[in-house]
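Report on one structure; see the data block that follows.
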Amino acid sequence: MSSSSPLGLIAGNGRFPFLVLDAARAKGERVVVAAIKEETDPEITERAARDSGIRLHWLSLGELSKLIETFQREGVSRAIMAGQVKHKQIFSSIRPDWRLAKLLLSIRIRNTDALLGAVGKVLGDEGISLLSSTSYLEPLLAHAGILTKRTLTDAEQGNVAYGRAVARHLAQYDIGQTVVIAESACVAVEAMEGTDATILRAGEIMRTLHDEETPDSFLSRALTVVKVAKPKQDLRFDVPVIGVKTVEIMKRAGATCLAIDAQRCLLLDGERIIEAADSANIAIVSSES
C-alpha cells in the first residue's frame, strides 16, 4: 500500500487516528496529519515531533478550504478519515469557511452521512480520494462468533435479536447505531450524544426503575448493548468502533452483553477489550450482518 505520495490523515478524537498513523508508518508511508483543533488528542503533537515521516497541521473543524489547500501543498492524493467527530460539533459548534458553508447549504438532509459524503465528493473533485478508514487496520475488525469466555444467556440472546432489528431500522435514518435493551424493551437509543452517553443514560433509567419508590419493577437491570453498522455503511468514515472504554462504561451502567457486526466494527484496543470484558463478566458477540 506504500506510495511515493504521502497519505493524508484527517484525525478526529480518540485512539483511532493513532492506530492508523502507526500502521501507515510501519508500512513506510509518509503521513500528513490534518489534526482538528476541537477534537484531536494533543498527544499527536509529541508523536509527530518524534517522527520525521509525519507532517502535522492543525485546523479548525470548519476549515474545509484550508484542509484541501494543505493536502494539495503537501502532495496528498489519498486520505483517510479516522476518529470520531461529535455529531453536535458538526451541526452546532463549527464556524464554516465559505466552501463548507456552501456545502452545508447544498445538502438536503442534515445528517453526518450526507455531510461527510459531500465532503468526500469535494475532496475527490480536488484530486484527493478517500480510502476506507479500515484500510490499514483490517486485523482489528471483529470476526464472527462469541469473542469472550462467557456465552450469552437466553435473555441476552433475546435482547440481541430484538436490539438488532431496532438498531438496523434506526441506522438507515442515521439516527444512531446503538440501542440498549433490557427484557426485550428498548431502554435507550443513540442520537447526537454518542454511544457512551447512551449507555450511561440507559443505566440511569434502569436505576430509577429499581429505586425505593418502585422496588417491584419486573424489568431486569441487566442491559444489552447492540451496536450495528448502517445498511449502506460507507467505511470511508464513521466506521463503528469499540474499545476498553466501551467495556468500562458498560460495567458502570450495569450492562452485561455487547453485540456488534462482524467485519464491520473495529476493536480499537485489540485483545485488551476481550480481557476487560472477561474480567467484568461481560459477553461480546459478533455476527454477520
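Convention: chains lettered A, B, ... in C-alpha cells order; per-chain residue numbering from 1; ligands numbered from 1 as shown.
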
### Surrounding residues of range 75-79 of chain A excluding itself and chain neighbours under 2 positions, 10 Å, only C-alpha atoms, as number ranges by chain
A: 3-10, 30-34, 68-73, 81-82, 120, 123-124, 126-133, 236

### Task
Determine which residues of range 2-240 of chain A DSSP labels as helix (DSSP H, G or I) from the backbone of this structure, then write them out as a PyMOL selection string.
chain A and resi 16-26+43-49+64-74+87-93+98-106+112-125+138-140+154-171+195-208

### Message
I'd like the neighbourhood of Lys230 in chain A as a count of residues only, where a residue qualifies if any of its atoms comes within 9 Å (using only C-alpha atoms), though same-chain residues fewer than 5 positions away should be ignored.
### Response
10

### Task
Compile the contact shell of Val180 in chain A as a list of chain:residue names: residues with an atom at most 7 Å away, counting only C-alpha atoms, same-chain residues fewer than 2 positions apart removed.
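My reading of the contact set: A:Thr178, A:Cys186, A:Val187, A:Ala188, A:Val189, A:Ile199, A:Ala202, A:Leu223, A:Thr224, A:Val225, A:Val226.
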
Once you have the residues from the selection above, write them out as a compact mmCIF listing (two decimals), in the first residue's frame, restricted to all heavy atoms.
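Below is the file out.txt, written as the result:
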# COMPACT_ATOMS: atom_id res chain seq x y z
N THR A 178 -26.53 2.62 17.95
CA THR A 178 -26.52 1.85 19.18
C THR A 178 -27.88 1.95 19.87
O THR A 178 -28.47 3.02 19.95
CB THR A 178 -25.44 2.39 20.15
OG1 THR A 178 -24.16 2.29 19.52
CG2 THR A 178 -25.42 1.60 21.45
N CYS A 186 -36.76 -1.56 24.64
CA CYS A 186 -35.74 -0.59 24.25
C CYS A 186 -35.63 0.48 25.33
O CYS A 186 -36.57 1.25 25.54
CB CYS A 186 -36.09 0.01 22.90
SG CYS A 186 -34.76 1.00 22.21
N VAL A 187 -34.50 0.53 26.01
CA VAL A 187 -34.30 1.47 27.12
C VAL A 187 -33.74 2.79 26.62
O VAL A 187 -34.13 3.86 27.08
CB VAL A 187 -33.36 0.85 28.18
CG1 VAL A 187 -33.13 1.83 29.34
CG2 VAL A 187 -33.92 -0.47 28.70
N ALA A 188 -32.82 2.74 25.66
CA ALA A 188 -32.20 3.98 25.16
C ALA A 188 -31.77 3.80 23.72
O ALA A 188 -31.37 2.71 23.30
CB ALA A 188 -31.00 4.37 26.03
N VAL A 189 -31.86 4.89 22.96
CA VAL A 189 -31.46 4.92 21.55
C VAL A 189 -30.42 6.03 21.38
O VAL A 189 -30.60 7.13 21.89
CB VAL A 189 -32.68 5.20 20.65
CG1 VAL A 189 -32.26 5.38 19.20
CG2 VAL A 189 -33.71 4.08 20.77
N ILE A 199 -25.27 4.65 26.65
CA ILE A 199 -25.18 3.53 27.60
C ILE A 199 -25.36 4.03 29.03
O ILE A 199 -26.10 3.43 29.82
CB ILE A 199 -23.84 2.80 27.43
CG1 ILE A 199 -23.72 2.18 26.04
CG2 ILE A 199 -23.68 1.71 28.51
CD1 ILE A 199 -22.34 1.65 25.70
N ALA A 202 -28.95 4.85 29.72
CA ALA A 202 -29.74 3.63 29.94
C ALA A 202 -29.55 3.12 31.36
O ALA A 202 -30.52 2.69 32.01
CB ALA A 202 -29.32 2.55 28.94
N LEU A 223 -28.46 -4.92 31.25
CA LEU A 223 -28.65 -4.29 29.94
C LEU A 223 -27.83 -4.98 28.86
O LEU A 223 -26.73 -5.47 29.12
CB LEU A 223 -28.24 -2.82 30.01
CG LEU A 223 -29.03 -1.93 30.98
CD1 LEU A 223 -28.33 -0.59 31.15
CD2 LEU A 223 -30.45 -1.72 30.46
N THR A 224 -28.37 -5.00 27.67
CA THR A 224 -27.65 -5.49 26.50
C THR A 224 -27.45 -4.32 25.54
O THR A 224 -28.41 -3.62 25.20
CB THR A 224 -28.44 -6.60 25.78
OG1 THR A 224 -28.52 -7.74 26.65
CG2 THR A 224 -27.76 -7.01 24.48
N VAL A 225 -26.22 -4.10 25.12
CA VAL A 225 -25.88 -3.02 24.19
C VAL A 225 -25.71 -3.62 22.79
O VAL A 225 -24.96 -4.58 22.60
CB VAL A 225 -24.58 -2.31 24.62
CG1 VAL A 225 -24.20 -1.22 23.61
CG2 VAL A 225 -24.73 -1.72 26.01
N VAL A 226 -26.41 -3.06 21.83
CA VAL A 226 -26.32 -3.53 20.44
C VAL A 226 -25.83 -2.37 19.57
O VAL A 226 -26.46 -1.31 19.53
CB VAL A 226 -27.68 -4.04 19.93
CG1 VAL A 226 -27.56 -4.50 18.48
CG2 VAL A 226 -28.21 -5.16 20.82

### Message
Give me the residues near range 38-43 of chain A as a VMD selection string, where near means some atom within 7 Å (using only C-alpha atoms) and where sequence neighbours in that chain fewer than 2 positions away do not count.
### Response
chain A and resid 11 to 14 35 to 36 45 to 47 60 to 61 85

What would the file look like if the residues just selected were written as a PDB file, in the first residue's frame with C-alpha atoms?
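This went into result_37.pdb:
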ATOM      1  CA  ALA A  11      -7.682  12.966  12.642  1.00  0.00           C
ATOM      2  CA  GLY A  12     -10.739  13.081  14.888  1.00  0.00           C
ATOM      3  CA  ASN A  13     -10.795  12.198  18.570  1.00  0.00           C
ATOM      4  CA  GLY A  14      -9.810   9.024  20.421  1.00  0.00           C
ATOM      5  CA  ALA A  35      -5.485  17.494  13.208  1.00  0.00           C
ATOM      6  CA  ILE A  36      -8.837  19.011  14.209  1.00  0.00           C
ATOM      7  CA  THR A  45       1.985  16.847  18.503  1.00  0.00           C
ATOM      8  CA  GLU A  46       4.504  14.829  20.525  1.00  0.00           C
ATOM      9  CA  ARG A  47       4.052  11.841  18.224  1.00  0.00           C
ATOM     10  CA  SER A  60     -10.483  24.013  12.898  1.00  0.00           C
ATOM     11  CA  LEU A  61     -13.451  21.813  12.092  1.00  0.00           C
ATOM     12  CA  VAL A  85     -16.106  13.999  15.294  1.00  0.00           C
TER      13      VAL A  85
END
